[in-house]
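Q: Below is coords-v7.cif; it holds mmCIF, N, CA and C atoms.
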```cif
data_upload
loop_
_atom_site.label_atom_id
_atom_site.label_comp_id
_atom_site.auth_asym_id
_atom_site.auth_seq_id
_atom_site.Cartn_x
_atom_site.Cartn_y
_atom_site.Cartn_z
N MET A 1 0.82 -1.20 0.00
CA MET A 1 0.00 0.00 0.00
C MET A 1 0.87 1.26 0.00
N LYS A 2 1.93 1.24 0.85
CA LYS A 2 2.82 2.40 0.89
C LYS A 2 3.46 2.65 -0.47
N LEU A 3 3.80 1.57 -1.16
CA LEU A 3 4.43 1.69 -2.48
C LEU A 3 3.49 2.38 -3.46
N ILE A 4 2.21 2.05 -3.41
CA ILE A 4 1.22 2.67 -4.29
C ILE A 4 1.12 4.16 -3.99
N ILE A 5 1.12 4.52 -2.72
CA ILE A 5 1.03 5.92 -2.33
C ILE A 5 2.26 6.68 -2.81
N VAL A 6 3.43 6.09 -2.63
CA VAL A 6 4.68 6.74 -3.07
C VAL A 6 4.69 6.89 -4.59
N LEU A 7 4.32 5.85 -5.32
CA LEU A 7 4.30 5.91 -6.77
C LEU A 7 3.28 6.93 -7.27
N THR A 8 2.14 6.99 -6.61
CA THR A 8 1.12 7.97 -6.98
C THR A 8 1.66 9.39 -6.76
N GLY A 9 2.33 9.60 -5.64
CA GLY A 9 2.92 10.91 -5.35
C GLY A 9 3.97 11.30 -6.38
N LEU A 10 4.81 10.34 -6.75
CA LEU A 10 5.83 10.61 -7.77
C LEU A 10 5.19 10.93 -9.11
N LEU A 11 4.17 10.19 -9.48
CA LEU A 11 3.48 10.43 -10.75
C LEU A 11 2.83 11.80 -10.76
N LEU A 12 2.15 12.16 -9.67
CA LEU A 12 1.50 13.47 -9.60
C LEU A 12 2.54 14.59 -9.62
N GLY A 13 3.66 14.38 -8.93
CA GLY A 13 4.73 15.37 -8.96
C GLY A 13 5.29 15.54 -10.35
N SER A 14 5.47 14.44 -11.09
CA SER A 14 5.97 14.52 -12.47
C SER A 14 4.97 15.22 -13.37
N LEU A 15 3.69 14.94 -13.18
CA LEU A 15 2.66 15.61 -13.98
C LEU A 15 2.63 17.10 -13.69
N ALA A 16 2.76 17.47 -12.42
CA ALA A 16 2.76 18.89 -12.05
C ALA A 16 3.96 19.59 -12.65
N GLN A 17 5.15 18.94 -12.61
CA GLN A 17 6.35 19.55 -13.19
C GLN A 17 6.19 19.67 -14.71
N ALA A 18 5.62 18.66 -15.35
CA ALA A 18 5.41 18.73 -16.80
C ALA A 18 4.45 19.86 -17.14
N GLU A 19 3.41 20.03 -16.31
CA GLU A 19 2.45 21.10 -16.55
C GLU A 19 3.10 22.46 -16.35
N SER A 20 3.92 22.60 -15.31
CA SER A 20 4.58 23.89 -15.10
C SER A 20 5.59 24.14 -16.20
N GLY A 21 6.26 23.09 -16.71
CA GLY A 21 7.17 23.24 -17.84
C GLY A 21 6.44 23.72 -19.07
N LYS A 22 5.24 23.17 -19.29
CA LYS A 22 4.42 23.59 -20.43
C LYS A 22 4.06 25.07 -20.30
N ALA A 23 3.74 25.51 -19.09
CA ALA A 23 3.40 26.92 -18.86
C ALA A 23 4.59 27.82 -19.14
N LEU A 24 5.80 27.37 -18.78
CA LEU A 24 6.99 28.17 -19.04
C LEU A 24 7.26 28.29 -20.54
N VAL A 25 7.09 27.20 -21.26
CA VAL A 25 7.26 27.23 -22.72
C VAL A 25 6.25 28.20 -23.33
N GLU A 26 5.03 28.19 -22.81
CA GLU A 26 4.00 29.11 -23.33
C GLU A 26 4.40 30.57 -23.10
N ILE A 27 5.07 30.87 -21.98
CA ILE A 27 5.53 32.23 -21.73
C ILE A 27 6.60 32.61 -22.74
N VAL A 28 7.52 31.70 -23.02
CA VAL A 28 8.57 31.97 -24.02
C VAL A 28 7.93 32.19 -25.39
N GLU A 29 6.97 31.35 -25.74
CA GLU A 29 6.30 31.52 -27.04
C GLU A 29 5.56 32.86 -27.10
N GLU A 30 4.96 33.27 -26.00
CA GLU A 30 4.29 34.57 -25.94
C GLU A 30 5.30 35.70 -26.11
N TYR A 31 6.46 35.55 -25.50
CA TYR A 31 7.53 36.53 -25.67
C TYR A 31 7.88 36.69 -27.15
N TYR A 32 8.05 35.57 -27.85
CA TYR A 32 8.38 35.63 -29.28
C TYR A 32 7.25 36.27 -30.09
N GLU A 33 6.01 35.93 -29.77
CA GLU A 33 4.88 36.54 -30.48
C GLU A 33 4.85 38.05 -30.29
N ARG A 34 5.06 38.49 -29.06
CA ARG A 34 5.04 39.93 -28.79
C ARG A 34 6.22 40.63 -29.45
N HIS A 35 7.36 39.96 -29.48
CA HIS A 35 8.54 40.54 -30.14
C HIS A 35 8.28 40.68 -31.64
N HIS A 36 7.69 39.68 -32.25
CA HIS A 36 7.38 39.74 -33.68
C HIS A 36 6.35 40.83 -34.00
N ALA A 37 5.51 41.15 -33.03
CA ALA A 37 4.50 42.20 -33.26
C ALA A 37 5.15 43.56 -33.51
N LEU A 38 6.37 43.74 -33.05
CA LEU A 38 7.05 45.03 -33.26
C LEU A 38 7.34 45.30 -34.73
N SER A 39 7.35 44.27 -35.55
CA SER A 39 7.66 44.47 -36.97
C SER A 39 6.41 44.72 -37.81
N LYS A 40 5.26 44.65 -37.21
CA LYS A 40 4.01 44.86 -37.96
C LYS A 40 3.81 46.34 -38.26
N PRO A 41 3.18 46.66 -39.37
CA PRO A 41 2.95 48.07 -39.73
C PRO A 41 2.15 48.84 -38.68
N VAL A 42 1.32 48.14 -37.90
CA VAL A 42 0.48 48.82 -36.90
C VAL A 42 1.14 48.85 -35.52
N ALA A 43 2.40 48.45 -35.43
CA ALA A 43 3.09 48.39 -34.14
C ALA A 43 3.29 49.78 -33.56
N SER A 44 3.37 49.81 -32.23
CA SER A 44 3.66 51.07 -31.54
C SER A 44 4.55 50.76 -30.34
N GLU A 45 5.00 51.80 -29.68
CA GLU A 45 5.84 51.60 -28.50
C GLU A 45 5.08 50.89 -27.38
N LYS A 46 3.76 50.90 -27.43
CA LYS A 46 2.97 50.15 -26.45
C LYS A 46 3.23 48.66 -26.56
N ASP A 47 3.62 48.20 -27.76
CA ASP A 47 3.95 46.79 -27.94
C ASP A 47 5.22 46.42 -27.17
N ILE A 48 6.11 47.37 -26.99
CA ILE A 48 7.29 47.12 -26.17
C ILE A 48 6.87 46.90 -24.72
N ASP A 49 5.93 47.73 -24.25
CA ASP A 49 5.42 47.57 -22.89
C ASP A 49 4.80 46.19 -22.70
N LYS A 50 4.14 45.67 -23.72
CA LYS A 50 3.54 44.34 -23.63
C LYS A 50 4.61 43.27 -23.46
N ILE A 51 5.75 43.44 -24.13
CA ILE A 51 6.85 42.50 -23.95
C ILE A 51 7.33 42.55 -22.50
N PHE A 52 7.50 43.74 -21.98
CA PHE A 52 8.08 43.90 -20.65
C PHE A 52 7.13 43.48 -19.54
N GLU A 53 5.85 43.29 -19.84
CA GLU A 53 4.92 42.71 -18.87
C GLU A 53 5.33 41.28 -18.52
N LEU A 54 6.05 40.62 -19.41
CA LEU A 54 6.47 39.24 -19.19
C LEU A 54 7.72 39.14 -18.31
N PHE A 55 8.40 40.25 -18.06
CA PHE A 55 9.66 40.27 -17.33
C PHE A 55 9.46 40.63 -15.86
N SER A 56 10.29 40.05 -15.01
CA SER A 56 10.29 40.42 -13.59
C SER A 56 10.86 41.83 -13.45
N ASP A 57 10.63 42.44 -12.29
CA ASP A 57 11.13 43.80 -12.05
C ASP A 57 12.66 43.86 -12.09
N ASP A 58 13.31 42.76 -11.72
CA ASP A 58 14.78 42.73 -11.71
C ASP A 58 15.34 41.94 -12.90
N PHE A 59 14.59 41.94 -13.99
CA PHE A 59 14.99 41.23 -15.21
C PHE A 59 16.40 41.64 -15.65
N VAL A 60 17.15 40.63 -16.14
CA VAL A 60 18.50 40.86 -16.66
C VAL A 60 18.64 40.11 -17.98
N TYR A 61 19.27 40.76 -18.95
CA TYR A 61 19.59 40.15 -20.24
C TYR A 61 21.11 39.99 -20.28
N ILE A 62 21.56 38.77 -20.56
CA ILE A 62 23.00 38.50 -20.58
C ILE A 62 23.38 37.98 -21.96
N HIS A 63 24.35 38.66 -22.56
CA HIS A 63 24.84 38.26 -23.88
C HIS A 63 26.31 38.67 -23.95
N GLU A 64 27.18 37.73 -23.69
CA GLU A 64 28.62 38.03 -23.68
C GLU A 64 29.08 38.59 -25.02
N GLY A 65 28.51 38.10 -26.11
CA GLY A 65 28.89 38.57 -27.44
C GLY A 65 28.52 40.03 -27.70
N TYR A 66 27.55 40.55 -26.94
CA TYR A 66 27.13 41.94 -27.09
C TYR A 66 27.58 42.80 -25.92
N GLY A 67 28.51 42.32 -25.15
CA GLY A 67 29.07 43.17 -24.10
C GLY A 67 28.71 42.81 -22.69
N GLY A 68 27.97 41.76 -22.45
CA GLY A 68 27.74 41.33 -21.08
C GLY A 68 26.33 41.38 -20.59
N GLU A 69 26.13 42.04 -19.46
CA GLU A 69 24.86 42.00 -18.73
C GLU A 69 24.16 43.35 -18.81
N TYR A 70 22.84 43.30 -19.08
CA TYR A 70 22.05 44.51 -19.25
C TYR A 70 20.84 44.48 -18.33
N SER A 71 20.59 45.61 -17.67
CA SER A 71 19.44 45.73 -16.77
C SER A 71 18.15 45.85 -17.57
N ARG A 72 17.06 45.69 -16.87
CA ARG A 72 15.73 45.85 -17.48
C ARG A 72 15.60 47.24 -18.13
N GLN A 73 16.03 48.28 -17.43
CA GLN A 73 15.92 49.64 -17.94
C GLN A 73 16.76 49.83 -19.22
N ARG A 74 17.96 49.31 -19.21
CA ARG A 74 18.83 49.47 -20.38
C ARG A 74 18.27 48.71 -21.59
N ILE A 75 17.74 47.53 -21.36
CA ILE A 75 17.15 46.75 -22.46
C ILE A 75 15.90 47.46 -22.99
N TYR A 76 15.10 48.03 -22.08
CA TYR A 76 13.91 48.77 -22.51
C TYR A 76 14.32 49.92 -23.43
N GLN A 77 15.33 50.68 -23.02
CA GLN A 77 15.81 51.80 -23.83
C GLN A 77 16.28 51.31 -25.20
N GLY A 78 16.94 50.14 -25.23
CA GLY A 78 17.38 49.57 -26.50
C GLY A 78 16.22 49.18 -27.39
N TYR A 79 15.18 48.60 -26.80
CA TYR A 79 13.98 48.26 -27.57
C TYR A 79 13.38 49.52 -28.21
N VAL A 80 13.26 50.58 -27.42
CA VAL A 80 12.66 51.82 -27.92
C VAL A 80 13.53 52.38 -29.06
N ARG A 81 14.83 52.45 -28.84
CA ARG A 81 15.75 52.98 -29.86
C ARG A 81 15.67 52.15 -31.15
N ASN A 82 15.67 50.83 -31.02
CA ASN A 82 15.59 49.96 -32.21
C ASN A 82 14.24 50.10 -32.90
N PHE A 83 13.17 50.23 -32.12
CA PHE A 83 11.84 50.39 -32.72
C PHE A 83 11.76 51.71 -33.48
N GLN A 84 12.21 52.77 -32.85
CA GLN A 84 12.17 54.08 -33.50
C GLN A 84 13.05 54.12 -34.74
N GLY A 85 14.11 53.32 -34.75
CA GLY A 85 15.01 53.25 -35.90
C GLY A 85 14.56 52.28 -36.97
N GLY A 86 13.39 51.65 -36.76
CA GLY A 86 12.86 50.72 -37.76
C GLY A 86 13.67 49.45 -37.92
N ARG A 87 14.32 49.02 -36.84
CA ARG A 87 15.22 47.87 -36.94
C ARG A 87 14.54 46.52 -36.75
N TYR A 88 13.28 46.50 -36.40
CA TYR A 88 12.60 45.21 -36.20
C TYR A 88 12.03 44.71 -37.51
N LYS A 89 12.53 43.58 -37.95
CA LYS A 89 12.08 42.93 -39.19
C LYS A 89 11.47 41.60 -38.79
N ASP A 90 10.33 41.28 -39.35
CA ASP A 90 9.64 40.04 -39.01
C ASP A 90 10.26 38.87 -39.76
N ASP A 91 11.25 38.26 -39.16
CA ASP A 91 11.94 37.11 -39.75
C ASP A 91 11.59 35.87 -38.93
N LEU A 92 10.39 35.34 -39.15
CA LEU A 92 9.91 34.20 -38.37
C LEU A 92 10.79 32.97 -38.54
N GLN A 93 11.35 32.77 -39.72
CA GLN A 93 12.20 31.61 -39.95
C GLN A 93 13.43 31.67 -39.06
N LYS A 94 13.99 32.85 -38.92
CA LYS A 94 15.19 33.03 -38.11
C LYS A 94 14.93 32.69 -36.64
N HIS A 95 13.73 32.97 -36.18
CA HIS A 95 13.41 32.73 -34.78
C HIS A 95 12.61 31.45 -34.54
N LYS A 96 12.48 30.63 -35.53
CA LYS A 96 11.74 29.37 -35.38
C LYS A 96 12.50 28.45 -34.41
N ILE A 97 11.77 27.86 -33.49
CA ILE A 97 12.38 27.03 -32.45
C ILE A 97 12.53 25.60 -32.95
N ALA A 98 13.74 25.06 -32.80
CA ALA A 98 14.00 23.68 -33.19
C ALA A 98 13.80 22.72 -32.02
N LYS A 99 14.16 23.17 -30.80
CA LYS A 99 14.11 22.26 -29.66
C LYS A 99 14.00 23.05 -28.35
N TYR A 100 13.17 22.53 -27.44
CA TYR A 100 13.06 23.06 -26.09
C TYR A 100 13.62 22.04 -25.11
N VAL A 101 14.26 22.52 -24.05
CA VAL A 101 14.62 21.70 -22.90
C VAL A 101 14.07 22.44 -21.69
N VAL A 102 13.24 21.75 -20.92
CA VAL A 102 12.56 22.37 -19.78
C VAL A 102 13.09 21.79 -18.49
N GLY A 103 13.37 22.66 -17.53
CA GLY A 103 13.81 22.24 -16.21
C GLY A 103 13.10 23.06 -15.15
N LEU A 104 13.60 22.97 -13.94
CA LEU A 104 13.00 23.69 -12.82
C LEU A 104 13.19 25.19 -13.03
N ASN A 105 12.12 25.90 -13.26
CA ASN A 105 12.12 27.35 -13.46
C ASN A 105 13.00 27.82 -14.61
N MET A 106 13.14 26.99 -15.64
CA MET A 106 13.96 27.38 -16.79
C MET A 106 13.50 26.68 -18.05
N VAL A 107 13.76 27.36 -19.17
CA VAL A 107 13.56 26.79 -20.50
C VAL A 107 14.79 27.16 -21.31
N ALA A 108 15.42 26.16 -21.89
CA ALA A 108 16.50 26.41 -22.84
C ALA A 108 15.94 26.06 -24.21
N LEU A 109 16.36 26.81 -25.21
CA LEU A 109 15.87 26.50 -26.55
C LEU A 109 16.99 26.69 -27.56
N THR A 110 16.86 25.95 -28.63
CA THR A 110 17.74 26.11 -29.77
C THR A 110 16.87 26.45 -30.96
N ARG A 111 17.25 27.51 -31.66
CA ARG A 111 16.51 27.93 -32.85
C ARG A 111 17.04 27.17 -34.06
N VAL A 112 16.29 27.24 -35.16
CA VAL A 112 16.71 26.53 -36.37
C VAL A 112 18.01 27.10 -36.92
N ASP A 113 18.35 28.34 -36.56
CA ASP A 113 19.63 28.91 -37.02
C ASP A 113 20.79 28.50 -36.11
N GLY A 114 20.52 27.62 -35.13
CA GLY A 114 21.55 27.08 -34.26
C GLY A 114 21.84 27.88 -33.01
N LYS A 115 21.21 29.02 -32.83
CA LYS A 115 21.45 29.86 -31.66
C LYS A 115 20.68 29.32 -30.46
N THR A 116 21.34 29.35 -29.29
CA THR A 116 20.76 28.80 -28.06
C THR A 116 20.54 29.91 -27.04
N THR A 117 19.40 29.84 -26.36
CA THR A 117 19.02 30.84 -25.35
C THR A 117 18.46 30.13 -24.13
N LEU A 118 18.80 30.65 -22.96
CA LEU A 118 18.29 30.15 -21.69
C LEU A 118 17.37 31.20 -21.08
N TYR A 119 16.16 30.78 -20.69
CA TYR A 119 15.20 31.64 -20.01
C TYR A 119 15.05 31.12 -18.59
N GLU A 120 15.23 31.99 -17.61
CA GLU A 120 15.01 31.63 -16.21
C GLU A 120 13.80 32.39 -15.70
N PHE A 121 13.02 31.75 -14.84
CA PHE A 121 11.74 32.30 -14.39
C PHE A 121 11.67 32.40 -12.87
N ARG A 122 10.87 33.35 -12.42
CA ARG A 122 10.49 33.45 -11.01
C ARG A 122 9.07 33.98 -10.96
N ASP A 123 8.22 33.29 -10.24
CA ASP A 123 6.82 33.72 -10.05
C ASP A 123 6.11 33.97 -11.38
N GLY A 124 6.36 33.11 -12.37
CA GLY A 124 5.66 33.21 -13.65
C GLY A 124 6.15 34.32 -14.57
N LYS A 125 7.28 34.93 -14.24
CA LYS A 125 7.85 36.00 -15.06
C LYS A 125 9.26 35.59 -15.50
N ILE A 126 9.68 36.13 -16.64
CA ILE A 126 11.03 35.88 -17.11
C ILE A 126 11.98 36.74 -16.28
N LYS A 127 12.89 36.09 -15.57
CA LYS A 127 13.84 36.78 -14.71
C LYS A 127 15.15 37.06 -15.45
N THR A 128 15.58 36.11 -16.28
CA THR A 128 16.84 36.23 -17.00
C THR A 128 16.71 35.64 -18.38
N ILE A 129 17.28 36.31 -19.36
CA ILE A 129 17.50 35.72 -20.67
C ILE A 129 19.00 35.72 -20.88
N LYS A 130 19.55 34.55 -21.17
CA LYS A 130 20.99 34.43 -21.40
C LYS A 130 21.21 33.81 -22.76
N GLU A 131 21.92 34.54 -23.60
CA GLU A 131 22.20 34.08 -24.97
C GLU A 131 23.52 33.32 -24.98
N TYR A 132 23.57 32.26 -25.78
CA TYR A 132 24.79 31.47 -25.94
C TYR A 132 25.17 31.46 -27.42
N TRP A 133 25.33 32.61 -27.98
CA TRP A 133 25.78 32.75 -29.38
C TRP A 133 26.50 34.05 -29.55
#
```
Can the structure in the file be given as structure tokens, please?
A:
Amino acid sequence: MKLIIVLTGLLLGSLAQAESGKALVEIVEEYYERHHALSKPVASEKDIDKIFELFSDDFVYIHEGYGGEYSRQRIYQGYVRNFQGGRYKDDLQKHKIAKYVVGLNMVALTRVDGKTTLYEFRDGKIKTIKEYW
């Protein structure tokens, strides 16, 4: 009887983790959808705010190839500057996801162009994005 209870607990725990992993992937997919919206002819700076709704207050973007670590405020300013400069192009193929790996409060993904990104979460928000390209 104890074995059945333990196995049931393990199964329910695995199902809960799989469900939370699915929710994290959905947040990443929402991030990509909102990012792609910036390239639409009807886009506005309000679309940038919609992206930042997905980020925690202490969000950090890390990309060693682009100079290191950037605060939420600095990344926001970069989004605005790039949007105003017309730099957002809707290249869905470039951002198409080839593979997801889900763990505790994290999603790693590889895009079809071979670039890898790690998303870390806290309380249902993206806390860190770390690029590995």
Q: Give me every helix (DSSP H, G or I) residue in chain A, going by DSSP on the backbone, as a PyMOL selection string.
A: chain A and resi 2-37+45-52+64-66+72-84
Q: For segment 74-91 of chain A, please output as a list in words all residues within 7 Å (counting only N, CA and C atoms; exclusion window: fewer than 3 positions along the same chain).
A: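 Counting only N, CA and C atoms, the residues come to His36, Leu38, Ser39, Lys40, Glu45, Ile48, Tyr70, Ser71, Lys94, His95 and Lys96 of chain A.
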Q: On this structure, the PyMOL selection byres ((chain A and resi 126) around 8) would catch which residues? List them as a list of chain:residue names, sorted by chain and number.
A: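 So the PyMOL selection byres ((chain A and resi 126) around 8), applied here, picks out A:Ile27, A:Glu53, A:Leu54, A:Phe55, A:Ser56, A:Asp57, A:Asp58, A:Phe59, A:Val60, A:Tyr119, A:Glu120, A:Phe121, A:Arg122, A:Asp123, A:Gly124, A:Lys125, A:Lys127, A:Thr128, A:Ile129.
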Q: Just how far from atom C of Tyr132 of chain A is atom C of Lys115 of chain A, in Å to one decimal?
A: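 Atom-to-atom, atom C of Lys115 of chain A to atom C of Tyr132 of chain A, that is 5.8 Å.
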Q: With all atoms listed in the file as the atoms that count, which of A:Tyr31, A:Pro41, A:Ala108, A:Trp133 lies nearest to Gly65 of chain A?
A: A:Trp133
Q: Atom CA of Val107 of chain A and atom CA of Lys130 of chain A, how far apart in Å?
A: 10.7 Å
Q: Between atom CA of Val25 of chain A and atom C of Lys50 of chain A, measure the distance and give it in Å to one decimal.
A: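 Separating atom CA of Val25 of chain A from atom C of Lys50 of chain A is a distance of 16.3 Å.
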Q: Mind listing the strand (DSSP E) residues of segment 24-109 of chain A, per DSSP on the backbone, as a list in words?
A: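 So the strand (DSSP E) residues in segment 24-109 of chain A would be Phe55, Ser56, Asp57, Asp58, Phe59, Val60, Tyr61, Ile62, His63, Gly68, Glu69, Tyr70, Ser71, Ile97, Ala98, Lys99, Tyr100, Val101, Val102, Gly103, Met106, Val107, Ala108 and Leu109 of chain A.
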